[in-house]
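Participant: One structure coming up, written as structure tokens, with questions to follow.
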Amino acid sequence: MNDDVILKTDHLSKSFFKYQVLTDVNYQLNRGQIAAIIGPNGAGKSTFFNLVTGYHAVSGGNVYFRGKEITNWARHKIARIGITRAFQVSNIYPKLTTYENVRQSILAQQKRTLNFFTPAERLAKNETLSLLETTGLSGFRNTEAGILSQGDKKKLELALALASKPDLLLLDEPTAGMSSEETHETMQLVKRLNKDIGLSILFTEHDISVIFGYAQKLSVLHQGVLVAEGTPEEVRQNKEAQACYLGEEI
Amino acid sequence: MDKKNGFLKRFRLPAGLFFVALILPLVVTEFWVHVFTEIIILGLFASAFNLIFGYMGQLSFGQAAYYGIGAYTTGLLMVKLQWPLIACLPASMITAGLGALILGYFCVKLRGIYFAILTMAFGQLVFFIIFQWYSFTGGDNGLQGINPPVWLFKANAYYYFSLAVVTVGMILLYFITESPFGYTMKAIRDNTERTEFIGINVQRYMLINFVISGMFCGLAGALWGPFNRSVAPDLCSWQNSGHPVFMAVMGGPYHFLGPMIGSVIFTFLNAFVTGFTEYWPLVSGLVMIIVVLLMPGGLFGIIKSKGYFETKAVVLEGNNPGDTGDKKK
Ligand SMILES: Nc1ncnc2c1ncn2[C@@H]1O[C@H](COP(=O)(O)OP(=O)(O)OP(=O)(O)O)[C@@H](O)[C@H]1O
Ligand SMILES: [Mg+2]
């Protein structure tokens, strides 16, 4: 397989009972790319992420990461091999502070969670503070994460995913619930990470300006089928893509 | 300076309790020294149980099995092989830990009520094995003549010995709960699913925690036999598994010392009430109802909400709590 391909799916399918939600999705993401999967509500975008990260069991087809088959691996193994995600509905530690949230993910990445005798508060201080700074959460260090605003919870989602130092980052509507200013900041951060450390990024989004502003490649999912793919310009011209967004200008 | 103040504040309560525990036996009758011994042994048992309940967020209704395995290990080694008590303590931790490893392997595959029921079923299993294995365990007769060494024969001596062991056990448990492993337990309690996605093998970590809890339950059990001069199968019964649940809920499962305080209340009440009425179960039931209805979070729960102890600072710089930021798609 091509060395430049970081993620590949081969006839990936999913059905919940008899409802087919994803059908034969053949997707490919190159190393160092920022790409987006778009499509209307219920198209199967989150389900695609759920299959890649092991959240749901795959019903058919395969997932390859850096050429290695990872279909139906355990969630923690997929995270360890280098794929992490930020969830659409923020999925954080509500009773821990923002700082403890991020530190937990960093300690896991550093494989220090089997340390029984060093107080956790002495560990990973600098890494935690700097990641909080990067994601714009420094002001909420001691806040219980459960009471953060939606936008800040999404930032924390991103921080938890980044703490794992992934090679491939999956962002499910990373800016949902953010102000337009925060949206811009967050996407700039994502872009910077892509440029500086060559992080490969796949995201879903409903916000047209974000999609066309940041994605190098777009794939359109409609009722579980990949109907169009290409650069933002190509997709904009595509008849089928337009049909999916009936009435909506893309 | 700030750091030192925080340190003093944090250890004010345990240091105070330890000091009280040191001098109390000098001013009370032997009966109460026995009660205090029971309090600290059961307090260690409840604190070990709380690694699973308060820290990992699962209810085990079968920790008495490991307490009992510890008690029987020490009892058998002392009676049949004349091992010194000091050597029996680590041996009990090992056997209880092994028991927890074997049974916990199946329990940690489950969550919630199913976890609780399986732990209870395994607890009953251990109970019946000990109950039926007459030739080895003495069956329902139990094991008699577990005498502590001469220097620990007096009530006060055995109390101070237990206090030393329990204190070391509690310090170890405290370190574990504050360690990255302890925080991983809190993370699993708070959001099990997310913990998998940051790359942690949740089931394996839960099993390790189950084993650690079992080992310390075993240590508490090991102290019981020589204190009581005998052990009996009902140490492993489901009723005895309920005691640490009571204690943790009463004292507060979200504070490290909650279960120990719960043991003080529970054991003290038990000793006090059984002194003048046979309706102890009625009284303990009433206390439980009051706790659950009026003070969820246990004693430490109300103390905290009244602000007597400092809680984690909540800073809301630049945040607008009213703005949920939910944006229309
Ligand atoms: N766990 C589940 N059980 C049953 N059906 C599910 C489950 N998860 C998703 N679905 C269904 O699969 C379809 C695709 O859902 P999915 O969440 O992937 O859509 P999406 O493209 O992410 O939509 P949105 O833009 O609203 O996030 C929907 O019809 C949804 O109802
Ligand atoms: Mg979705």
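Every chain in the structure tokens has a letter given in the order shown (A, B, ...), and although residue numbers restart at 1 in each chain, ligands are simply numbered from 1 in the order shown.
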Please, which residues have at least one atom within 8 Å of an atom of ligand 2, using only C-alpha atoms and all ligand atoms, listed as a list in words?

Facilitator: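 Counting only what the definition allows, namely only C-alpha atoms and all ligand atoms, the set is Asn41, Gly42, Gly44, Lys45, Ser46, Thr47, Gln88, Asp172, Glu173 and Thr204 of chain A.
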
Participant: Go ahead and dump the residues you just picked, C-alpha atoms, as a PDB file, in the first residue's frame.

Facilitator:
```pdb
ATOM      1  CA  ASN A  41     -27.932  15.268   9.437  1.00  0.00           C
ATOM      2  CA  GLY A  42     -28.064  11.531   9.719  1.00  0.00           C
ATOM      3  CA  GLY A  44     -23.560   8.714   8.695  1.00  0.00           C
ATOM      4  CA  LYS A  45     -20.586  11.005   9.383  1.00  0.00           C
ATOM      5  CA  SER A  46     -20.373  10.246  13.070  1.00  0.00           C
ATOM      6  CA  THR A  47     -20.971   6.593  12.369  1.00  0.00           C
ATOM      7  CA  GLN A  88     -19.568  15.568  18.580  1.00  0.00           C
ATOM      8  CA  ASP A 172     -16.598  15.502  14.933  1.00  0.00           C
ATOM      9  CA  GLU A 173     -18.047  18.993  14.526  1.00  0.00           C
ATOM     10  CA  THR A 204     -17.013  16.824   9.971  1.00  0.00           C
TER      11      THR A 204
END
```

Participant: How would you write, as a VMD selection string, the set of residues in stretch 33-214 of chain A that DSSP gives as strand (DSSP E)?

Facilitator: chain A and resid 34 to 38 60 to 65 68 to 69 83 to 86 168 to 172 200 to 204

Participant: Would you kindly return, as a ChimeraX atom specification, each protein, DNA or RNA residue with an atom no farther than 8 Å from any atom of B:Phe49, considering only C-alpha atoms and excluding same-chain residues fewer than 6 positions away?

Facilitator: /B:60,63,213-214,217,244-245

Participant: Using only N, CA and C atoms, please write the residues we just selected to a file, as a PDB file, in the first residue's frame.

Facilitator:
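For reference, part.pdb as written:
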```
ATOM      1  N   SER B  60     -19.333  -3.157  44.905  1.00  0.00           N
ATOM      2  CA  SER B  60     -19.061  -4.569  45.149  1.00  0.00           C
ATOM      3  C   SER B  60     -19.828  -4.997  46.381  1.00  0.00           C
ATOM      4  N   GLN B  63     -17.123  -7.982  49.087  1.00  0.00           N
ATOM      5  CA  GLN B  63     -15.754  -7.796  49.581  1.00  0.00           C
ATOM      6  C   GLN B  63     -15.483  -8.640  50.821  1.00  0.00           C
ATOM      7  N   SER B 213      -7.838  -3.733  46.108  1.00  0.00           N
ATOM      8  CA  SER B 213      -8.887  -3.674  47.126  1.00  0.00           C
ATOM      9  C   SER B 213      -8.967  -4.992  47.893  1.00  0.00           C
ATOM     10  N   GLY B 214      -8.946  -6.103  47.155  1.00  0.00           N
ATOM     11  CA  GLY B 214      -9.004  -7.416  47.797  1.00  0.00           C
ATOM     12  C   GLY B 214      -7.849  -7.626  48.764  1.00  0.00           C
ATOM     13  N   CYS B 217      -8.537  -5.627  51.883  1.00  0.00           N
ATOM     14  CA  CYS B 217      -9.621  -6.289  52.631  1.00  0.00           C
ATOM     15  C   CYS B 217      -9.024  -7.492  53.369  1.00  0.00           C
ATOM     16  N   PRO B 244     -19.187  -2.727  54.937  1.00  0.00           N
ATOM     17  CA  PRO B 244     -18.407  -1.630  54.349  1.00  0.00           C
ATOM     18  C   PRO B 244     -19.248  -0.725  53.445  1.00  0.00           C
ATOM     19  N   VAL B 245     -20.305  -1.287  52.831  1.00  0.00           N
ATOM     20  CA  VAL B 245     -21.185  -0.438  52.023  1.00  0.00           C
ATOM     21  C   VAL B 245     -21.854   0.594  52.927  1.00  0.00           C
TER      22      VAL B 245
END
```

Participant: Using only C-alpha atoms and all ligand atoms, which protein or nucleic acid residues are at most 12 Å from ligand 1, as a compact mmCIF listing (two decimals) with all heavy atoms, in the first residue's frame?

Facilitator:
```
# COMPACT_ATOMS: atom_id res chain seq x y z
N SER A 13 -19.03 -0.82 5.97
CA SER A 13 -20.49 -0.76 6.08
C SER A 13 -20.92 -0.93 7.52
O SER A 13 -20.22 -1.55 8.33
CB SER A 13 -21.14 -1.89 5.26
OG SER A 13 -20.73 -1.81 3.93
N LYS A 14 -22.08 -0.36 7.81
CA LYS A 14 -22.63 -0.52 9.15
C LYS A 14 -24.14 -0.57 9.10
O LYS A 14 -24.77 0.26 8.43
CB LYS A 14 -22.20 0.67 10.03
CG LYS A 14 -22.78 0.65 11.43
CD LYS A 14 -22.22 -0.47 12.26
CE LYS A 14 -22.91 -0.60 13.61
NZ LYS A 14 -22.41 -1.77 14.37
N SER A 15 -24.70 -1.52 9.77
CA SER A 15 -26.15 -1.49 9.93
C SER A 15 -26.49 -1.68 11.39
O SER A 15 -25.82 -2.41 12.11
CB SER A 15 -26.81 -2.58 9.08
OG SER A 15 -26.18 -3.81 9.30
N PHE A 16 -27.51 -0.95 11.81
CA PHE A 16 -28.05 -1.14 13.15
C PHE A 16 -29.31 -1.96 12.97
O PHE A 16 -30.28 -1.49 12.38
CB PHE A 16 -28.38 0.20 13.79
CG PHE A 16 -27.17 1.01 14.14
CD1 PHE A 16 -26.82 2.12 13.38
CD2 PHE A 16 -26.35 0.66 15.20
CE1 PHE A 16 -25.70 2.87 13.70
CE2 PHE A 16 -25.23 1.40 15.51
CZ PHE A 16 -24.90 2.50 14.76
N PHE A 17 -29.29 -3.19 13.44
CA PHE A 17 -30.38 -4.12 13.15
C PHE A 17 -30.58 -4.16 11.64
O PHE A 17 -29.63 -4.45 10.93
CB PHE A 17 -31.64 -3.75 13.94
CG PHE A 17 -31.35 -3.64 15.40
CD1 PHE A 17 -31.21 -2.40 16.01
CD2 PHE A 17 -31.12 -4.78 16.16
CE1 PHE A 17 -30.88 -2.30 17.35
CE2 PHE A 17 -30.80 -4.69 17.51
CZ PHE A 17 -30.69 -3.45 18.10
N LYS A 18 -31.75 -3.82 11.14
CA LYS A 18 -31.86 -3.92 9.69
C LYS A 18 -31.66 -2.57 8.99
O LYS A 18 -31.80 -2.49 7.77
CB LYS A 18 -33.17 -4.59 9.28
CG LYS A 18 -34.40 -3.97 9.88
CD LYS A 18 -35.63 -4.78 9.48
CE LYS A 18 -36.87 -4.01 9.80
NZ LYS A 18 -37.86 -4.44 10.58
N TYR A 19 -31.33 -1.55 9.75
CA TYR A 19 -31.14 -0.24 9.11
C TYR A 19 -29.70 -0.06 8.65
O TYR A 19 -28.77 -0.01 9.45
CB TYR A 19 -31.52 0.89 10.06
CG TYR A 19 -32.96 0.83 10.48
CD1 TYR A 19 -33.31 0.34 11.73
CD2 TYR A 19 -33.98 1.21 9.59
CE1 TYR A 19 -34.63 0.24 12.11
CE2 TYR A 19 -35.30 1.12 9.96
CZ TYR A 19 -35.63 0.64 11.23
OH TYR A 19 -36.94 0.53 11.60
N GLN A 20 -29.55 0.02 7.35
CA GLN A 20 -28.22 0.22 6.78
C GLN A 20 -27.86 1.70 6.92
O GLN A 20 -28.54 2.56 6.38
CB GLN A 20 -28.25 -0.19 5.29
CG GLN A 20 -26.90 -0.19 4.61
CD GLN A 20 -26.09 -1.46 4.92
OE1 GLN A 20 -26.65 -2.45 5.37
NE2 GLN A 20 -24.80 -1.40 4.69
N VAL A 21 -26.80 1.98 7.67
CA VAL A 21 -26.45 3.37 7.94
C VAL A 21 -25.25 3.81 7.11
O VAL A 21 -25.13 4.97 6.71
CB VAL A 21 -26.18 3.56 9.45
CG1 VAL A 21 -25.71 4.96 9.73
CG2 VAL A 21 -27.43 3.25 10.25
N LEU A 22 -24.34 2.90 6.86
CA LEU A 22 -23.19 3.19 5.98
C LEU A 22 -23.10 2.04 4.98
O LEU A 22 -23.22 0.88 5.34
CB LEU A 22 -21.89 3.23 6.77
CG LEU A 22 -21.39 4.53 7.36
CD1 LEU A 22 -19.96 4.35 7.87
CD2 LEU A 22 -21.47 5.71 6.42
N THR A 23 -22.87 2.39 3.72
CA THR A 23 -22.82 1.36 2.70
C THR A 23 -21.54 1.48 1.87
O THR A 23 -21.31 2.51 1.22
CB THR A 23 -24.03 1.47 1.75
OG1 THR A 23 -25.20 1.67 2.54
CG2 THR A 23 -24.20 0.22 0.90
N ILE A 37 -15.47 15.48 5.99
CA ILE A 37 -16.59 14.69 5.49
C ILE A 37 -17.83 15.50 5.77
O ILE A 37 -18.05 15.93 6.92
CB ILE A 37 -16.66 13.32 6.21
CG1 ILE A 37 -15.44 12.49 5.84
CG2 ILE A 37 -17.94 12.60 5.83
CD1 ILE A 37 -15.49 11.07 6.34
N ILE A 38 -18.59 15.77 4.72
CA ILE A 38 -19.78 16.57 4.93
C ILE A 38 -21.01 15.79 4.49
O ILE A 38 -20.90 14.74 3.86
CB ILE A 38 -19.70 17.92 4.18
CG1 ILE A 38 -19.56 17.69 2.68
CG2 ILE A 38 -18.51 18.72 4.68
CD1 ILE A 38 -19.67 18.98 1.87
N GLY A 39 -22.15 16.34 4.83
CA GLY A 39 -23.41 15.67 4.50
C GLY A 39 -24.47 16.11 5.47
O GLY A 39 -24.15 16.58 6.56
N PRO A 40 -25.73 15.93 5.10
CA PRO A 40 -26.82 16.38 5.96
C PRO A 40 -26.90 15.58 7.25
O PRO A 40 -26.23 14.56 7.40
CB PRO A 40 -28.06 16.17 5.10
CG PRO A 40 -27.65 15.20 4.04
CD PRO A 40 -26.20 15.36 3.84
N ASN A 41 -27.73 16.00 8.17
CA ASN A 41 -27.93 15.27 9.44
C ASN A 41 -28.33 13.83 9.15
O ASN A 41 -29.15 13.58 8.28
CB ASN A 41 -29.06 15.91 10.26
CG ASN A 41 -28.66 17.26 10.82
OD1 ASN A 41 -29.41 18.21 10.76
ND2 ASN A 41 -27.46 17.37 11.33
N GLY A 42 -27.70 12.94 9.88
CA GLY A 42 -28.06 11.53 9.72
C GLY A 42 -27.42 10.86 8.52
O GLY A 42 -27.74 9.71 8.20
N ALA A 43 -26.49 11.54 7.88
CA ALA A 43 -25.86 10.96 6.69
C ALA A 43 -24.93 9.80 7.04
O ALA A 43 -24.65 8.95 6.21
CB ALA A 43 -25.07 12.04 5.95
N GLY A 44 -24.45 9.79 8.28
CA GLY A 44 -23.56 8.71 8.69
C GLY A 44 -22.14 9.17 9.00
O GLY A 44 -21.23 8.34 9.13
N LYS A 45 -21.93 10.48 9.14
CA LYS A 45 -20.59 11.01 9.38
C LYS A 45 -20.04 10.51 10.72
O LYS A 45 -18.91 10.00 10.80
CB LYS A 45 -20.62 12.54 9.36
CG LYS A 45 -21.22 13.13 8.10
CD LYS A 45 -21.23 14.64 8.13
CE LYS A 45 -22.14 15.26 9.18
NZ LYS A 45 -23.58 15.05 8.97
N SER A 46 -20.84 10.68 11.75
CA SER A 46 -20.37 10.25 13.07
C SER A 46 -20.19 8.74 13.09
O SER A 46 -19.26 8.22 13.72
CB SER A 46 -21.36 10.66 14.16
OG SER A 46 -21.44 12.06 14.22
N THR A 47 -21.08 8.05 12.41
CA THR A 47 -20.97 6.59 12.37
C THR A 47 -19.65 6.18 11.73
O THR A 47 -19.00 5.23 12.19
CB THR A 47 -22.16 6.00 11.59
OG1 THR A 47 -23.37 6.43 12.21
CG2 THR A 47 -22.10 4.49 11.56
N PHE A 48 -19.24 6.89 10.69
CA PHE A 48 -17.96 6.60 10.06
C PHE A 48 -16.83 6.72 11.08
O PHE A 48 -15.98 5.83 11.21
CB PHE A 48 -17.74 7.56 8.88
CG PHE A 48 -16.45 7.33 8.14
CD1 PHE A 48 -16.30 6.25 7.28
CD2 PHE A 48 -15.37 8.19 8.33
CE1 PHE A 48 -15.11 6.04 6.61
CE2 PHE A 48 -14.18 7.98 7.67
CZ PHE A 48 -14.05 6.90 6.81
N PHE A 49 -16.84 7.81 11.84
CA PHE A 49 -15.83 8.00 12.90
C PHE A 49 -15.92 6.88 13.93
O PHE A 49 -14.91 6.38 14.42
CB PHE A 49 -16.02 9.35 13.59
CG PHE A 49 -15.49 10.52 12.82
CD1 PHE A 49 -15.12 10.39 11.48
CD2 PHE A 49 -15.33 11.75 13.44
CE1 PHE A 49 -14.61 11.47 10.77
CE2 PHE A 49 -14.82 12.83 12.74
CZ PHE A 49 -14.47 12.70 11.41
N ASN A 50 -17.15 6.53 14.27
CA ASN A 50 -17.36 5.49 15.28
C ASN A 50 -16.79 4.14 14.85
O ASN A 50 -16.31 3.37 15.68
CB ASN A 50 -18.84 5.35 15.61
CG ASN A 50 -19.36 6.52 16.41
OD1 ASN A 50 -18.59 7.25 17.04
ND2 ASN A 50 -20.66 6.74 16.38
N LEU A 51 -16.85 3.88 13.56
CA LEU A 51 -16.30 2.61 13.08
C LEU A 51 -14.77 2.65 13.08
O LEU A 51 -14.10 1.70 13.48
CB LEU A 51 -16.81 2.31 11.67
CG LEU A 51 -18.31 2.06 11.53
CD1 LEU A 51 -18.64 1.68 10.09
CD2 LEU A 51 -18.79 0.99 12.48
N TYR A 55 -15.63 2.55 18.24
CA TYR A 55 -16.78 2.81 19.11
C TYR A 55 -17.90 1.83 18.80
O TYR A 55 -18.56 1.32 19.70
CB TYR A 55 -17.26 4.24 18.89
CG TYR A 55 -18.29 4.70 19.88
CD1 TYR A 55 -17.90 5.28 21.07
CD2 TYR A 55 -19.66 4.56 19.62
CE1 TYR A 55 -18.84 5.70 21.99
CE2 TYR A 55 -20.60 4.98 20.54
CZ TYR A 55 -20.19 5.55 21.71
OH TYR A 55 -21.12 5.96 22.64
N HIS A 56 -18.14 1.60 17.52
CA HIS A 56 -19.09 0.57 17.10
C HIS A 56 -18.36 -0.55 16.39
O HIS A 56 -17.34 -0.31 15.75
CB HIS A 56 -20.12 1.15 16.12
CG HIS A 56 -21.14 2.03 16.76
ND1 HIS A 56 -21.74 1.75 17.96
CD2 HIS A 56 -21.69 3.21 16.35
CE1 HIS A 56 -22.59 2.70 18.27
NE2 HIS A 56 -22.58 3.60 17.32
N ALA A 57 -18.93 -1.74 16.45
CA ALA A 57 -18.36 -2.85 15.69
C ALA A 57 -18.73 -2.67 14.21
O ALA A 57 -19.83 -2.24 13.89
CB ALA A 57 -18.92 -4.17 16.20
N PHE A 87 -15.23 14.17 20.32
CA PHE A 87 -16.61 13.74 20.06
C PHE A 87 -17.51 14.91 19.69
O PHE A 87 -17.26 16.05 20.05
CB PHE A 87 -17.17 13.05 21.30
CG PHE A 87 -16.61 11.69 21.54
CD1 PHE A 87 -15.38 11.52 22.18
CD2 PHE A 87 -17.29 10.56 21.12
CE1 PHE A 87 -14.86 10.27 22.39
CE2 PHE A 87 -16.77 9.30 21.33
CZ PHE A 87 -15.55 9.15 21.96
N GLN A 88 -18.58 14.56 18.97
CA GLN A 88 -19.57 15.57 18.58
C GLN A 88 -20.28 16.13 19.81
O GLN A 88 -20.33 17.33 20.01
CB GLN A 88 -20.59 14.93 17.63
CG GLN A 88 -21.69 15.88 17.20
CD GLN A 88 -22.56 15.28 16.11
OE1 GLN A 88 -22.27 14.22 15.58
NE2 GLN A 88 -23.61 15.98 15.75
N VAL A 89 -20.78 15.22 20.64
CA VAL A 89 -21.36 15.64 21.92
C VAL A 89 -20.24 15.49 22.94
O VAL A 89 -19.73 14.39 23.13
CB VAL A 89 -22.54 14.73 22.30
CG1 VAL A 89 -23.11 15.15 23.64
CG2 VAL A 89 -23.60 14.78 21.22
N LEU A 171 -12.08 14.90 14.18
CA LEU A 171 -12.84 15.92 14.90
C LEU A 171 -14.28 15.91 14.42
O LEU A 171 -14.56 16.23 13.25
CB LEU A 171 -12.23 17.31 14.64
CG LEU A 171 -10.74 17.47 14.98
CD1 LEU A 171 -10.22 18.81 14.49
CD2 LEU A 171 -10.55 17.34 16.48
N ASP A 172 -15.19 15.56 15.31
CA ASP A 172 -16.60 15.50 14.93
C ASP A 172 -17.27 16.82 15.31
O ASP A 172 -17.55 17.07 16.47
CB ASP A 172 -17.27 14.32 15.64
CG ASP A 172 -18.53 13.87 14.93
OD1 ASP A 172 -19.02 14.62 14.05
OD2 ASP A 172 -19.03 12.77 15.25
N GLU A 173 -17.49 17.65 14.33
CA GLU A 173 -18.05 18.99 14.53
C GLU A 173 -17.32 19.73 15.64
O GLU A 173 -17.91 20.06 16.67
CB GLU A 173 -19.55 18.90 14.80
CG GLU A 173 -20.26 18.22 13.64
CD GLU A 173 -21.78 18.35 13.72
OE1 GLU A 173 -22.27 19.25 14.41
OE2 GLU A 173 -22.47 17.57 13.05
N PRO A 174 -16.04 20.01 15.43
CA PRO A 174 -15.21 20.57 16.51
C PRO A 174 -15.66 21.95 16.98
O PRO A 174 -15.34 22.33 18.10
CB PRO A 174 -13.82 20.65 15.88
CG PRO A 174 -14.05 20.66 14.41
CD PRO A 174 -15.28 19.84 14.19
N ALA A 176 -18.92 23.13 17.02
CA ALA A 176 -20.33 23.26 17.41
C ALA A 176 -20.42 23.89 18.79
O ALA A 176 -19.73 23.47 19.71
CB ALA A 176 -20.99 21.89 17.41
N PHE A 203 -12.22 15.98 9.63
CA PHE A 203 -13.29 16.54 10.45
C PHE A 203 -14.63 16.53 9.74
O PHE A 203 -14.70 16.41 8.52
CB PHE A 203 -12.92 17.95 10.95
CG PHE A 203 -12.86 19.02 9.89
CD1 PHE A 203 -13.98 19.84 9.67
CD2 PHE A 203 -11.72 19.24 9.13
CE1 PHE A 203 -13.93 20.85 8.71
CE2 PHE A 203 -11.67 20.24 8.17
CZ PHE A 203 -12.78 21.05 7.95
N THR A 204 -15.69 16.64 10.54
CA THR A 204 -17.01 16.82 9.97
C THR A 204 -17.46 18.20 10.43
O THR A 204 -17.02 18.69 11.47
CB THR A 204 -18.03 15.80 10.49
OG1 THR A 204 -18.32 16.11 11.85
CG2 THR A 204 -17.49 14.39 10.38
N GLU A 205 -18.31 18.82 9.66
CA GLU A 205 -18.73 20.16 10.03
C GLU A 205 -20.00 20.51 9.27
O GLU A 205 -20.24 19.99 8.17
CB GLU A 205 -17.58 21.13 9.68
CG GLU A 205 -17.60 22.49 10.29
CD GLU A 205 -17.92 22.56 11.77
OE1 GLU A 205 -17.04 22.28 12.60
OE2 GLU A 205 -19.09 22.89 12.10
N HIS A 206 -20.82 21.37 9.87
CA HIS A 206 -22.00 21.86 9.16
C HIS A 206 -21.78 23.29 8.69
O HIS A 206 -22.45 23.77 7.78
CB HIS A 206 -23.23 21.78 10.05
CG HIS A 206 -23.78 20.40 10.19
ND1 HIS A 206 -24.56 19.82 9.22
CD2 HIS A 206 -23.63 19.46 11.15
CE1 HIS A 206 -24.88 18.59 9.59
NE2 HIS A 206 -24.32 18.35 10.77
N ASP A 207 -20.84 23.95 9.35
CA ASP A 207 -20.58 25.35 9.05
C ASP A 207 -19.82 25.46 7.71
O ASP A 207 -18.65 25.08 7.60
CB ASP A 207 -19.75 25.94 10.20
CG ASP A 207 -19.53 27.43 10.06
OD1 ASP A 207 -19.46 27.92 8.91
OD2 ASP A 207 -19.43 28.11 11.10
N VAL A 220 -18.46 13.87 0.28
CA VAL A 220 -19.87 14.08 0.60
C VAL A 220 -20.53 12.74 0.87
O VAL A 220 -20.49 11.83 0.04
CB VAL A 220 -20.60 14.81 -0.54
CG1 VAL A 220 -22.04 15.09 -0.14
CG2 VAL A 220 -19.87 16.09 -0.90
N LEU A 221 -21.13 12.66 2.05
CA LEU A 221 -21.80 11.44 2.43
C LEU A 221 -23.30 11.71 2.39
O LEU A 221 -23.78 12.73 2.88
CB LEU A 221 -21.37 11.08 3.86
CG LEU A 221 -21.39 9.65 4.34
CD1 LEU A 221 -20.63 8.74 3.41
CD2 LEU A 221 -20.78 9.58 5.74
N HIS A 222 -24.03 10.80 1.76
CA HIS A 222 -25.47 11.00 1.71
C HIS A 222 -26.15 9.66 1.95
O HIS A 222 -25.92 8.71 1.21
CB HIS A 222 -25.87 11.56 0.34
CG HIS A 222 -27.34 11.87 0.25
ND1 HIS A 222 -27.96 12.76 1.08
CD2 HIS A 222 -28.29 11.39 -0.58
CE1 HIS A 222 -29.24 12.83 0.78
NE2 HIS A 222 -29.47 12.00 -0.22
N GLN A 223 -26.95 9.60 2.97
CA GLN A 223 -27.63 8.36 3.35
C GLN A 223 -26.67 7.17 3.37
O GLN A 223 -26.96 6.09 2.85
CB GLN A 223 -28.80 8.10 2.42
CG GLN A 223 -29.88 9.15 2.62
CD GLN A 223 -31.08 8.96 1.71
OE1 GLN A 223 -31.10 8.07 0.87
NE2 GLN A 223 -32.07 9.81 1.89
N GLY A 224 -25.50 7.42 3.95
CA GLY A 224 -24.55 6.34 4.13
C GLY A 224 -23.72 5.99 2.91
O GLY A 224 -22.92 5.05 2.95
N VAL A 225 -23.88 6.73 1.86
CA VAL A 225 -23.11 6.44 0.65
C VAL A 225 -22.23 7.64 0.32
O VAL A 225 -22.66 8.80 0.43
CB VAL A 225 -24.05 6.14 -0.55
CG1 VAL A 225 -23.24 5.86 -1.81
CG2 VAL A 225 -24.97 4.99 -0.21
N LEU A 226 -20.99 7.36 -0.06
CA LEU A 226 -20.07 8.41 -0.46
C LEU A 226 -20.43 8.82 -1.88
O LEU A 226 -20.23 8.04 -2.82
CB LEU A 226 -18.65 7.85 -0.40
CG LEU A 226 -17.50 8.80 -0.08
CD1 LEU A 226 -17.77 9.56 1.20
CD2 LEU A 226 -16.21 8.00 0.07
N LYS B 328 -27.37 26.80 16.40
CA LYS B 328 -28.22 26.09 15.44
C LYS B 328 -27.38 25.58 14.28
O LYS B 328 -26.43 26.22 13.87
CB LYS B 328 -29.30 27.03 14.91
CG LYS B 328 -30.39 27.32 15.93
CD LYS B 328 -31.53 26.35 15.76
CE LYS B 328 -32.42 26.21 16.96
NZ LYS B 328 -31.94 26.52 18.28
N LYS B 329 -27.77 24.41 13.81
CA LYS B 329 -27.03 23.87 12.68
C LYS B 329 -27.47 24.56 11.40
O LYS B 329 -28.63 24.86 11.25
CB LYS B 329 -27.29 22.38 12.57
CG LYS B 329 -26.45 21.62 13.55
CD LYS B 329 -26.77 20.15 13.47
CE LYS B 329 -25.91 19.40 14.48
NZ LYS B 329 -26.40 18.04 14.64
```

Participant: Calculated over only C-alpha atoms, which of the candidates B:Phe19, B:Ile171, B:Ile69, B:Glu38 has the smallest distance to B:Ile129?

Facilitator: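 Checking each of B:Phe19, B:Ile171, B:Ile69, B:Glu38 against B:Ile129, counting only C-alpha atoms, the winner is B:Ile69.
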
Participant: Ranking A:Ser219, A:Ser105, A:Ser149, A:Asn194 by minimum distance to A:Gly32 and counting only C-alpha atoms, which one comes first?

Facilitator: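 Counting only C-alpha atoms, the residue closest to A:Gly32 is A:Asn194.
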
Participant: Please check the contacts: residues of chain A at most 7 Å away from chain B, using only C-alpha atoms, listed as number ranges by chain.

Facilitator: A: 75-77, 79-80, 84, 91-95, 104-105, 108, 112-120, 139-140, 142-144, 149-151, 164, 176-178, 206

Participant: What lies within 9 Å of B:Gln124 using only C-alpha atoms, ignoring chain neighbours under 4 positions off, as number ranges by chain?

Facilitator: B: 62, 65, 119-120, 128-129, 236-238

Participant: Neighbouring residues of B:Gln58 were defined as those with any atom within 7 Å, considering only C-alpha atoms; residues of the same chain fewer than 3 positions away were excluded. Please report them as a PyMOL selection string.

Facilitator: chain B and resi 52-53+111-112

Participant: Which residue is closest to B:Ile41? Choose from B:Val166, B:Leu257, B:Ile86, B:Ile212 and count only C-alpha atoms.

Facilitator: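 Residue with the minimum atom-to-atom distance to B:Ile41: B:Val166.
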